[in-house]
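Everything below belongs to start-v1.cif, which stores mmCIF, C-alpha atoms and all ligand atoms.
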```
data_input
#
loop_
_atom_site.label_atom_id
_atom_site.label_comp_id
_atom_site.auth_asym_id
_atom_site.auth_seq_id
_atom_site.Cartn_x
_atom_site.Cartn_y
_atom_site.Cartn_z
CA VAL A 1 115.35 95.56 92.09
CA ASN A 2 112.41 95.12 89.85
CA THR A 3 110.01 97.44 91.60
CA PRO A 4 107.76 99.58 89.45
CA ASN A 5 106.62 102.98 90.59
CA ALA A 6 103.07 101.76 90.87
CA ILE A 7 103.86 100.30 94.28
CA THR A 8 106.00 102.92 95.87
CA SER A 9 104.03 105.88 94.61
CA ASN A 10 100.83 104.71 96.25
CA PRO A 11 101.07 105.16 100.00
CA ASP A 12 97.30 104.83 100.42
CA PRO A 13 96.83 101.92 102.83
CA HIS A 14 93.42 101.12 101.42
CA PRO A 15 92.61 100.00 97.93
CA PRO A 16 90.56 102.41 95.88
CA ALA A 17 86.96 101.76 96.82
CA PRO A 18 85.07 100.92 93.68
CA ARG A 19 81.90 102.92 93.49
CA PRO A 20 78.78 100.86 94.05
CA SER A 21 77.28 99.97 90.75
CA PRO A 22 74.03 101.76 90.05
CA PRO A 23 71.94 99.75 87.66
CA ALA A 24 72.30 101.33 84.22
CA PRO A 25 69.21 103.37 83.43
CA GLN A 26 67.43 100.96 81.16
CA ALA A 27 64.25 102.22 79.71
CA ARG A 28 64.76 99.63 77.00
CA PRO A 29 66.74 96.67 78.29
CA ASP A 30 68.66 94.31 76.04
CA ILE A 31 66.97 90.93 75.66
CA GLN A 32 70.36 89.18 76.05
CA GLY A 33 70.28 90.13 79.74
CA SER A 34 66.61 89.26 80.33
CA THR A 35 65.31 86.20 82.12
CA GLN A 36 62.67 83.80 80.92
CA SER A 37 60.21 84.89 83.59
CA GLU A 38 60.60 88.56 82.63
CA VAL A 39 60.07 87.85 78.94
CA ASP A 40 57.20 85.50 79.70
CA ALA A 41 55.43 88.04 81.94
CA LEU A 42 55.70 90.72 79.29
CA LEU A 43 54.46 88.52 76.45
CA ARG A 44 51.54 87.30 78.50
CA SER A 45 50.62 90.90 79.29
CA TRP A 46 50.40 91.34 75.50
CA ASN A 47 48.06 88.34 75.37
CA GLN A 48 50.57 86.22 73.52
CA PRO A 49 50.33 82.41 73.83
CA GLY A 50 52.37 80.71 76.54
CA TYR A 51 54.96 79.24 74.15
CA ARG A 52 56.09 82.63 72.84
CA ALA A 53 58.73 83.31 75.49
CA THR A 54 60.39 79.98 74.71
CA GLN A 55 60.27 80.78 71.03
CA VAL A 56 61.83 84.22 71.49
CA LEU A 57 64.57 82.97 73.82
CA GLU A 58 65.37 80.15 71.42
CA TRP A 59 66.05 82.72 68.77
CA VAL A 60 68.31 84.64 71.10
CA HIS A 61 70.25 81.80 72.75
CA ARG A 62 70.04 78.86 70.28
CA GLN A 63 69.75 80.42 66.86
CA LEU A 64 71.92 83.37 67.91
CA ALA A 65 69.69 85.76 65.99
CA PRO A 66 71.48 89.09 65.50
CA ASN A 67 68.25 91.13 65.25
CA TRP A 68 64.47 90.86 65.49
CA GLU A 69 64.01 90.75 61.72
CA THR A 70 65.50 87.27 61.43
CA MET A 71 62.93 85.72 63.80
CA THR A 72 60.76 84.67 60.94
CA ASN A 73 58.33 82.43 62.80
CA LEU A 74 57.14 85.34 64.95
CA PRO A 75 54.30 87.50 63.61
CA ARG A 76 55.65 90.72 62.11
CA ALA A 77 53.56 92.90 64.46
CA LEU A 78 55.03 91.09 67.46
CA ARG A 79 58.57 91.59 66.16
CA THR A 80 57.89 95.31 65.92
CA GLN A 81 56.45 95.36 69.43
CA LEU A 82 59.47 93.45 70.76
CA ASP A 83 61.82 95.80 68.98
CA GLN A 84 60.18 98.74 70.75
CA GLN A 85 60.46 97.02 74.10
CA TYR A 86 63.89 95.43 73.92
CA HIS A 87 67.23 96.16 72.38
CA LEU A 88 68.98 93.26 70.70
CA ARG A 89 72.48 94.63 70.27
CA PRO A 90 75.12 92.00 69.55
CA LEU A 91 78.60 93.08 70.54
CA GLU A 92 80.48 94.59 67.65
CA LEU A 93 83.74 92.88 66.74
CA VAL A 94 86.59 95.38 66.43
CA GLN A 95 89.51 93.02 66.23
CA ARG A 96 90.15 89.31 66.28
CA GLN A 97 93.59 87.96 67.02
CA GLY A 98 94.66 84.36 66.92
CA ALA A 99 97.75 82.93 68.52
CA SER A 100 99.78 80.29 66.79
CA ASP A 101 98.32 77.67 69.12
CA THR A 102 94.80 78.86 68.25
CA THR A 103 93.98 80.79 71.37
CA GLN A 104 91.93 83.66 70.04
CA LYS A 105 91.21 87.04 71.41
CA PHE A 106 88.20 89.18 70.56
CA LEU A 107 88.04 92.91 71.09
CA TRP A 108 84.42 94.11 71.26
CA ARG A 109 82.97 97.59 71.07
CA LEU A 110 80.02 98.37 73.36
CA HIS A 111 77.15 100.65 72.40
CA ASP A 112 78.83 103.58 74.20
CA ARG A 113 82.08 102.85 72.33
CA HIS A 114 83.97 101.42 75.28
CA LEU A 115 86.12 98.41 74.43
CA ILE A 116 86.20 95.06 76.20
CA GLU A 117 87.78 91.72 75.41
CA SER A 118 87.15 88.00 75.59
CA VAL A 119 89.64 85.18 75.09
CA LEU A 120 88.76 81.82 73.56
CA ILE A 121 90.87 78.88 74.65
CA PRO A 122 90.44 75.54 72.88
CA ALA A 123 90.46 72.46 75.05
CA ASN A 124 93.64 70.53 74.83
CA PRO A 125 92.64 66.89 74.42
CA ALA A 126 96.06 65.73 75.55
CA LEU A 127 95.56 67.55 78.81
CA TYR A 128 91.89 67.20 79.54
CA GLY A 129 90.77 64.36 77.29
CA GLN A 130 88.01 66.49 75.82
CA PRO A 131 86.97 66.64 72.19
CA SER A 132 88.40 69.48 70.17
CA ASP A 133 85.15 71.39 69.78
CA ARG A 134 85.11 72.20 73.48
CA HIS A 135 86.24 75.70 74.19
CA THR A 136 86.58 77.85 77.25
CA LEU A 137 85.66 81.49 76.96
CA CYS A 138 87.24 84.01 79.29
CA VAL A 139 84.86 86.95 79.71
CA SER A 140 85.13 90.49 81.05
CA THR A 141 82.84 91.99 83.66
CA GLN A 142 83.90 95.64 83.79
CA VAL A 143 85.44 98.29 81.57
CA GLY A 144 88.78 98.76 83.31
CA CYS A 145 89.24 97.87 86.96
CA ALA A 146 89.36 99.87 90.20
CA TYR A 147 91.60 97.48 92.12
CA GLY A 148 94.88 98.65 90.67
CA CYS A 149 97.01 95.52 91.01
CA ALA A 150 100.47 96.79 90.18
CA PHE A 151 101.21 94.24 87.46
CA CYS A 152 97.91 94.32 85.58
CA ALA A 153 96.98 96.11 82.38
CA SER A 154 93.25 96.17 83.16
CA GLY A 155 93.60 98.56 86.03
CA LEU A 156 96.15 100.88 84.45
CA ASP A 157 93.64 103.42 83.22
CA GLY A 158 91.28 102.92 86.16
CA TRP A 159 87.68 101.81 86.27
CA LYS A 160 85.21 103.14 83.71
CA ARG A 161 82.00 101.26 84.35
CA ASN A 162 80.40 97.92 85.11
CA LEU A 163 79.11 95.74 82.31
CA ASP A 164 75.44 94.88 82.49
CA ALA A 165 74.23 91.30 82.26
CA ALA A 166 73.45 91.65 78.55
CA GLU A 167 77.05 92.66 77.85
CA ILE A 168 78.41 89.72 79.84
CA VAL A 169 76.04 87.21 78.21
CA GLY A 170 76.60 89.02 74.89
CA GLN A 171 80.29 88.05 74.88
CA VAL A 172 79.33 84.37 74.86
CA LEU A 173 76.63 84.83 72.24
CA ALA A 174 78.87 86.89 69.98
CA ALA A 175 81.76 84.41 70.25
CA GLU A 176 79.41 81.48 69.51
CA ARG A 177 78.03 83.37 66.53
CA LEU A 178 81.52 83.92 65.16
CA LEU A 179 82.52 80.31 65.68
CA ARG A 180 79.34 79.08 64.08
CA SER A 181 79.81 81.25 61.03
CA GLN A 182 83.44 80.14 60.66
CA PRO A 183 83.44 76.52 61.75
CA VAL A 184 86.39 75.65 59.52
CA GLU A 185 88.70 77.87 61.50
CA ALA A 186 87.40 76.48 64.75
CA ALA A 187 87.61 72.89 63.54
CA SER A 188 91.15 73.35 62.27
CA SER A 189 92.26 74.42 65.72
CA LEU A 190 93.25 70.88 66.49
CA ALA A 191 93.90 69.29 63.17
CA LEU A 192 95.12 66.01 64.69
CA GLU A 193 91.74 65.27 66.23
CA PRO A 194 89.62 62.68 64.43
CA PRO A 195 86.58 64.31 62.83
CA GLY A 196 83.78 64.87 65.33
CA PRO A 197 80.85 62.43 65.17
CA ALA A 198 77.90 64.78 64.96
CA PRO A 199 77.24 67.48 62.41
CA ARG A 200 76.87 70.85 64.08
CA GLY A 201 73.20 71.67 64.46
CA ALA A 202 71.78 75.01 65.45
CA SER A 203 71.67 74.00 69.09
CA SER A 204 75.18 72.59 69.44
CA ARG A 205 77.74 74.80 71.03
CA PHE A 206 81.43 75.43 70.89
CA ILE A 207 81.72 77.05 74.31
CA HIS A 208 81.29 74.61 77.19
CA ASN A 209 83.27 76.30 79.93
CA LEU A 210 83.48 79.85 81.18
CA VAL A 211 86.13 81.55 83.22
CA ILE A 212 85.27 84.96 84.57
CA MET A 213 88.83 86.18 84.30
CA GLY A 214 88.76 88.89 81.68
CA MET A 215 88.90 92.57 82.39
CA GLY A 216 87.54 93.78 85.72
CA GLU A 217 86.84 92.42 89.19
CA PRO A 218 83.74 90.25 88.78
CA LEU A 219 82.69 90.32 92.44
CA ALA A 220 82.65 94.14 92.37
CA ASN A 221 79.83 93.81 89.82
CA TYR A 222 77.97 91.17 91.80
CA GLU A 223 74.34 91.70 90.78
CA GLN A 224 74.91 91.85 87.05
CA LEU A 225 77.44 89.03 87.20
CA LEU A 226 75.00 86.70 88.96
CA ARG A 227 72.16 87.65 86.63
CA ALA A 228 74.38 86.92 83.63
CA LEU A 229 75.67 83.62 84.99
CA ARG A 230 72.13 82.44 85.74
CA ILE A 231 71.12 83.21 82.16
CA LEU A 232 74.18 81.39 80.84
CA ASN A 233 73.42 78.47 83.14
CA ALA A 234 69.67 78.24 82.43
CA PRO A 235 68.21 75.42 80.33
CA TRP A 236 66.41 78.07 78.22
CA GLY A 237 69.64 80.12 77.97
CA GLY A 238 73.29 79.19 77.69
CA THR A 239 72.95 75.67 79.21
CA ILE A 240 76.48 75.90 80.62
CA GLY A 241 76.68 73.94 83.88
CA ALA A 242 77.47 75.97 87.01
CA ARG A 243 80.35 73.60 87.69
CA LYS A 244 81.80 74.59 84.34
CA ILE A 245 81.87 78.24 85.31
CA THR A 246 84.79 79.57 87.36
CA ILE A 247 84.81 83.02 88.88
CA SER A 248 88.21 84.58 89.49
CA THR A 249 88.57 87.22 92.17
CA SER A 250 91.34 89.29 93.65
CA GLY A 251 89.80 88.43 97.02
CA LEU A 252 86.73 90.48 97.95
CA VAL A 253 85.90 88.80 101.24
CA PRO A 254 82.27 89.95 101.79
CA GLN A 255 81.31 88.95 98.25
CA ILE A 256 82.99 85.55 98.58
CA GLN A 257 80.88 84.99 101.69
CA ARG A 258 77.79 86.05 99.80
CA LEU A 259 78.61 83.80 96.87
CA ALA A 260 78.95 80.90 99.29
CA ASP A 261 75.24 81.33 100.11
CA GLU A 262 74.06 81.19 96.50
CA PRO A 263 72.58 77.88 95.39
CA GLU A 264 74.84 77.40 92.35
CA GLN A 265 78.13 75.55 92.57
CA PHE A 266 80.31 77.97 90.69
CA GLY A 267 84.03 77.30 90.81
CA LEU A 268 86.12 79.88 92.62
CA ALA A 269 89.65 80.94 91.71
CA ILE A 270 91.58 83.29 93.96
CA SER A 271 94.22 85.51 92.40
CA LEU A 272 96.72 85.05 95.18
CA HIS A 273 100.11 85.95 93.69
CA GLY A 274 101.64 86.21 97.15
CA ALA A 275 101.18 83.92 100.16
CA THR A 276 102.31 86.42 102.78
CA ASP A 277 100.74 89.82 103.46
CA ASP A 278 104.09 91.42 102.86
CA VAL A 279 104.43 90.18 99.29
CA ARG A 280 100.74 90.34 98.45
CA SER A 281 100.17 93.88 99.70
CA ARG A 282 103.10 95.08 97.63
CA ILE A 283 101.48 94.05 94.39
CA MET A 284 97.75 93.93 95.24
CA PRO A 285 96.31 96.92 97.14
CA VAL A 286 93.18 94.89 97.90
CA ASN A 287 95.23 92.82 100.36
CA ARG A 288 95.52 95.82 102.65
CA LYS A 289 91.75 95.77 103.06
CA TYR A 290 91.27 91.99 103.10
CA PRO A 291 94.51 90.41 104.30
CA ILE A 292 95.34 86.77 103.83
CA ALA A 293 93.92 85.58 107.17
CA GLU A 294 90.47 86.99 106.34
CA LEU A 295 90.66 85.76 102.78
CA THR A 296 91.55 82.29 104.01
CA GLU A 297 88.51 82.20 106.28
CA ALA A 298 86.21 83.25 103.45
CA CYS A 299 87.72 80.54 101.24
CA GLU A 300 87.17 77.94 103.93
CA LEU A 301 83.54 79.00 104.20
CA TYR A 302 83.10 78.74 100.43
CA GLN A 303 84.60 75.31 100.41
CA ARG A 304 82.54 74.10 103.32
CA LYS A 305 79.31 75.24 101.71
CA LYS A 306 80.09 74.13 98.16
CA GLY A 307 82.33 71.14 98.66
CA ARG A 308 84.33 72.36 95.70
CA MET A 309 88.01 72.55 95.16
CA LEU A 310 89.48 76.02 95.09
CA THR A 311 92.09 77.23 92.69
CA PHE A 312 94.87 79.65 93.51
CA GLU A 313 96.14 81.66 90.58
CA TYR A 314 99.77 82.56 91.14
CA ILE A 315 101.56 84.72 88.58
CA LEU A 316 105.30 84.24 88.70
CA ILE A 317 106.97 87.66 88.58
CA ALA A 318 110.76 87.85 88.49
CA GLY A 319 112.30 88.98 91.74
CA ILE A 320 108.93 89.58 93.44
CA ASN A 321 107.29 86.26 94.32
CA ASP A 322 109.29 83.59 92.50
CA HIS A 323 111.94 82.55 95.03
CA PRO A 324 111.67 78.94 96.28
CA SER A 325 111.23 80.38 99.79
CA HIS A 326 107.96 81.98 98.58
CA ALA A 327 106.70 78.51 97.75
CA VAL A 328 106.75 77.46 101.42
CA PRO A 329 103.86 79.63 102.74
CA LEU A 330 102.06 79.09 99.43
CA GLY A 331 102.23 75.33 99.81
CA ARG A 332 101.12 75.59 103.41
CA LEU A 333 98.08 77.65 102.47
CA ALA A 334 97.17 75.37 99.57
CA ARG A 335 97.34 72.30 101.82
CA ARG A 336 95.18 73.95 104.45
CA LEU A 337 92.53 74.90 101.88
CA HIS A 338 92.92 71.83 99.66
CA ALA A 339 93.48 74.24 96.81
CA LYS A 340 95.25 73.48 93.59
CA ILE A 341 97.72 76.03 92.32
CA ASN A 342 97.91 77.40 88.80
CA LEU A 343 101.31 78.91 88.22
CA ILE A 344 101.20 81.47 85.42
CA PRO A 345 104.38 82.98 84.03
CA TYR A 346 103.86 86.74 84.03
CA ASN A 347 102.91 88.31 80.70
CA HIS A 348 104.84 91.48 80.13
CA VAL A 349 102.69 94.64 80.06
CA GLU A 350 103.87 97.58 78.02
CA GLY A 351 104.81 100.46 80.29
CA LEU A 352 105.40 98.29 83.39
CA SER A 353 108.79 97.04 84.43
CA TRP A 354 107.73 93.62 85.70
CA GLU A 355 109.19 90.59 83.96
CA ARG A 356 108.53 86.88 83.87
CA PRO A 357 111.21 84.68 85.41
CA THR A 358 113.29 82.31 83.30
CA GLU A 359 111.89 78.86 82.62
CA ALA A 360 114.47 77.38 84.96
CA VAL A 361 113.18 79.56 87.81
CA GLN A 362 109.59 78.66 86.95
CA GLU A 363 110.40 74.94 87.05
CA GLN A 364 112.28 75.34 90.30
CA PHE A 365 109.26 77.02 91.88
CA LEU A 366 106.99 74.24 90.64
CA HIS A 367 109.29 71.61 92.14
CA ALA A 368 109.39 73.48 95.44
CA LEU A 369 105.59 73.17 95.57
CA GLU A 370 105.51 69.57 94.45
CA SER A 371 107.95 68.63 97.16
CA GLN A 372 105.32 69.87 99.63
CA ARG A 373 102.81 67.47 98.04
CA VAL A 374 100.41 70.09 96.73
CA THR A 375 98.78 69.96 93.33
CA ALA A 376 100.30 72.56 91.08
CA THR A 377 100.44 73.14 87.36
CA LEU A 378 102.71 75.47 85.46
CA ARG A 379 100.79 77.05 82.62
CA ARG A 380 102.67 77.73 79.48
CA GLU A 381 100.79 80.92 78.64
CA LYS A 382 98.80 80.04 75.56
CA GLY A 383 98.08 83.57 74.54
CA HIS A 384 101.46 85.09 75.20
CA ASP A 385 101.85 86.24 71.62
CA ILE A 386 98.44 87.92 71.46
CA ASP A 387 98.46 90.09 74.56
CA ALA A 388 96.22 87.54 76.19
CA ALA A 389 96.64 88.63 79.78
CA CYS A 390 93.63 90.59 80.81
CA GLY A 391 93.26 94.12 79.58
CA GLN A 392 96.29 94.26 77.36
CA LEU A 393 94.69 94.33 73.95
CA ARG A 394 92.11 96.87 74.96
CA LEU A 395 94.68 99.07 76.62
CA ARG A 396 96.76 99.17 73.49
CA SER A 397 93.76 99.80 71.28
CA GLU A 398 92.44 102.62 73.42
CA ARG A 399 95.83 104.25 73.47
CA ASP A 400 96.26 103.80 69.72
CA THR A 401 92.81 105.13 68.87
CA PRO A 402 91.20 105.95 66.58
CA ARG A 403 90.86 102.42 65.31
CA VAL A 404 87.79 101.51 63.30
N1 LIG B 501 89.89 90.68 88.72
C1 LIG B 501 89.88 89.27 88.75
C2 LIG B 501 89.66 88.62 87.40
C3 LIG B 501 90.37 89.24 86.25
S1 LIG B 501 92.13 89.14 86.25
C4 LIG B 501 91.13 88.75 89.42
O1 LIG B 501 92.03 89.52 89.67
O2 LIG B 501 91.15 87.56 89.69
C5 LIG B 501 92.39 87.48 85.72
C6 LIG B 501 93.76 86.93 86.07
O3 LIG B 501 94.78 87.48 85.21
C7 LIG B 501 94.17 87.26 87.49
O4 LIG B 501 94.68 86.12 88.13
C8 LIG B 501 95.22 88.30 87.25
O5 LIG B 501 96.05 88.43 88.34
C9 LIG B 501 95.89 87.79 86.01
N2 LIG B 501 96.76 88.75 85.34
C10 LIG B 501 96.66 90.08 85.32
N3 LIG B 501 97.67 90.64 84.63
C11 LIG B 501 98.45 89.62 84.21
C12 LIG B 501 99.66 89.54 83.46
N4 LIG B 501 100.24 90.61 82.98
N5 LIG B 501 100.20 88.31 83.23
C13 LIG B 501 99.59 87.19 83.69
N6 LIG B 501 98.43 87.21 84.39
C14 LIG B 501 97.88 88.40 84.66
FE1 LIG B 502 91.62 94.20 88.57
FE2 LIG B 502 92.06 91.54 88.58
FE3 LIG B 502 93.69 93.23 87.20
FE4 LIG B 502 93.73 93.22 89.87
S1 LIG B 502 94.31 91.51 88.50
S2 LIG B 502 93.68 95.05 88.54
S3 LIG B 502 91.59 92.85 90.36
S4 LIG B 502 91.53 92.83 86.80
#
```
Would it be possible to restate this file's structure as structure tokens?
Ligand code: SAH
Ligand code: SF4
Amino acid sequence: VNTPNAITSNPDPHPPAPRPSPPAPQARPDIQGSTQSEVDALLRSWNQPGYRATQVLEWVHRQLAPNWETMTNLPRALRTQLDQQYHLRPLELVQRQGASDTTQKFLWRLHDRHLIESVLIPANPALYGQPSDRHTLCVSTQVGCAYGCAFCASGLDGWKRNLDAAEIVGQVLAAERLLRSQPVEAASSLALEPPGPAPRGASSRFIHNLVIMGMGEPLANYEQLLRALRILNAPWGGTIGARKITISTSGLVPQIQRLADEPEQFGLAISLHGATDDVRSRIMPVNRKYPIAELTEACELYQRKKGRMLTFEYILIAGINDHPSHAVPLGRLARRLHAKINLIPYNHVEGLSWERPTEAVQEQFLHALESQRVTATLRREKGHDIDAACGQLRLRSERDTPRV
């Protein structure tokens, strides 16, 4: 039986409670995590004209300026003053990996030397009918994770700290900056596409969709997550529509309820991976705190308030949750919640004994769902060859350190 120690050696009926996130002491915040009204209030207090905040934020979010020096249309004295007030610390690229199908993974170093990762997924025009310069970026929200799902690399070494909004926004800015400086690589990602109509100006973007599915549990870092998403959504910031942003959670019920009350229509994906408490609690300790009945109610609330379709993420793990009989309660739940199901073949994690099922088993599971008339897709893992499942690249790098 394919049962790793991680399950049996943890008799604790409750998931590890992540410590509440104290706001990082920020005498000098990073401008990437600042809002227009904050910047505007500060500049006005320095008797700067009203258009200055727009100008500064354009440099940060449109021109992707890497430092204050490059903001040449600002008076030098103001640049010095801004430099004293705000950090502008772009994430430092440690490693860039590209899969054969052009999914790319970025490993970033934070100012305190922790490592995080983002994954860039090009749109597949055959699937979505989108032009080739549309990308989805998968971003991280924490260093490590406290939730300890038994199959996941992100939680293996525990939780280190929350990211602040600047570090979440910074992943998008840094990825855009890279893509802009190397457009040939990005453009060649889908060589069969006809050439795009418009030349790429300073304000055009590669990243049009976000999935908050990188390292960490986003809803355990609620305040900084929401601050970051509002900056990425703002017309003066990232201009990414709320409906193009999907938050993935392991199922933190109170935070799902809270998110339902926010004005934005963010998409919600639930990492389900088991449709009965028995299966789910075996692999996800969080289910012992928020079992499926409570999670279902929170999902219904979200749906009622947002009118948006939910997604269930369901990793197929050999011998754990991949039998056609497991598809029956899953289909039932999906029908009840009008959720679509993303089946994801498990990505092997070094040091864990879980395996992905054969393709025949994957297909069989998909058919078992389809015969219940629910919408399901089977994802051929795009990043399989680059450790693309969350936390894997970082885990390896941290264990192989030093790496410069
Ligand atoms: N903490 C959040 C978001 C980050 S995890 C959550 O759990 O939803 C993002 C997704 O990657 C989750 O669905 C998670 O279960 C999945 N995942 C984790 N490890 C994986 C692996 N080895 N192979 C495939 N998917 C994995
Ligand atoms: Fe954390 Fe999500 Fe990994 Fe679970 S799957 S350990 S919640 S990152």
### Query
Hey, which of A:Ile317, A:Val253, A:Cys145, A:Ile31 ends up closest to Asp164 in chain A? Count only C-alpha atoms.
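The shortest atom-to-atom distance to Asp164 in chain A comes from A:Ile31.
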### Query
Could you pull the residues within 6 Å of range 81-91 of chain A, counting only C-alpha atoms, minus those fewer than 3 positions along the same chain, as a ChimeraX atom specification?
/A:28-31,67,78,108
Around all listed atoms of ligand LIG 502 (chain B), padded 3 Å per side, what centre and edge lengths does the axis-aligned box have in Å to one decimal, as JSON?
```
{"center_x": 92.9, "center_y": 93.3, "center_z": 88.6, "size_x": 8.8, "size_y": 9.5, "size_z": 9.6}
```
Pull the closest atom pair for each residue of chain A that gets at most 7 Å from ligand LIG 502 (chain B), along with the distance in Å to one decimal, counting only C-alpha atoms and all ligand atoms, ordering rows by chain and then ascending residue number, as a tab-separated table.
```
residue	atom	partner	partner_atom	distance
A:Cys145	CA	B:LIG502	FE1	4.7
A:Ala146	CA	B:LIG502	FE1	6.3
A:Tyr147	CA	B:LIG502	S2	4.8
A:Gly148	CA	B:LIG502	S2	4.4
A:Cys149	CA	B:LIG502	FE4	4.2
A:Cys152	CA	B:LIG502	FE3	4.6
A:Ala153	CA	B:LIG502	FE3	6.5
A:Ser154	CA	B:LIG502	FE3	5.0
A:Gly155	CA	B:LIG502	S2	4.3
A:Met215	CA	B:LIG502	S4	5.1
A:Gly216	CA	B:LIG502	S4	4.2
A:Glu217	CA	B:LIG502	S3	4.9
A:Thr249	CA	B:LIG502	FE2	6.6
A:Ser250	CA	B:LIG502	S3	4.9
A:Met284	CA	B:LIG502	FE4	6.7
A:Cys390	CA	B:LIG502	S4	6.7
```
#### Entry: Using all atoms listed in the file: which of A:Pro285, A:Gly331, A:Gly144, A:Gly214 has the shortest distance to ligand LIG 501 (chain B)
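Closest to ligand LIG 501 (chain B), using all atoms listed in the file: A:Gly214.
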### Task
Name all residues at most 8 Å from Ile270 in chain A (count only C-alpha atoms; drop same-chain ones fewer than 3 positions away) and give them as a count of residues only.
8
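With distances taken over all atoms listed in the file, A:Glu117 is the one residue among A:Glu264, A:Glu297, A:Glu69, A:Glu117 lying closest to ligand LIG 501 (chain B).
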### Task
Please determine the residues with any atom at most 10 Å from (77.6, 76.0, 86.7) (coordinates as given in the file, with all atoms listed in the file counting) and report them as JSON, numbers by chain.
{"A": [209, 210, 229, 230, 232, 233, 234, 239, 240, 241, 242, 243, 244, 245, 246, 264, 265, 266, 267]}
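Here CA of Ile292 in chain A is placed at a distance of 22.8 Å from CA of Leu378 in chain A.
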### Message
Just the number, please: distance in Å from CA of Trp159 in chain A to CA of Pro345 in chain A, one decimal.
### Response
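Calculated distance between CA of Trp159 in chain A and CA of Pro345 in chain A is 25.3 Å.
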### Task
Would you list the contacts of Leu93 in chain A as a list in words, taking every protein, DNA or RNA residue within 9 Å and counting only C-alpha atoms, but skipping same-chain residues closer than 2 positions in sequence?
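What passes the distance filter is Leu91, Gln95, Arg96, Phe106, Leu107, Trp108, Arg109 and Ala174 of chain A.
Nearest to Phe206 in chain A of all the residues A:Arg79, A:His114, A:Arg308, A:Arg62 is A:Arg62, based on only C-alpha atoms.
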### Message
Using all atoms listed in the file, which protein or nucleic acid residues come within 8 Å of range 221-227 of chain A? Drop anything in the same chain fewer than 6 positions from it, and give the result as a ChimeraX atom specification.
### Response
/A:21,33,141-142,162-165,168,255
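The coordinates place CA of Arg288 in chain A at 21.0 Å from CA of Trp354 in chain A.
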### Query
Quick one: of A:Val56, A:Ala293, A:Leu42, A:Val211, who's nearest to Trp68 in chain A, counting all atoms listed in the file?
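Checking each of A:Val56, A:Ala293, A:Leu42, A:Val211 against Trp68 in chain A, counting all atoms listed in the file, the winner is A:Val56.
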### Query
Smallest atom-to-atom distance to Gln303 in chain A: which of A:Arg180, A:His338, A:Arg205, A:His367, using only C-alpha atoms?
A:His338
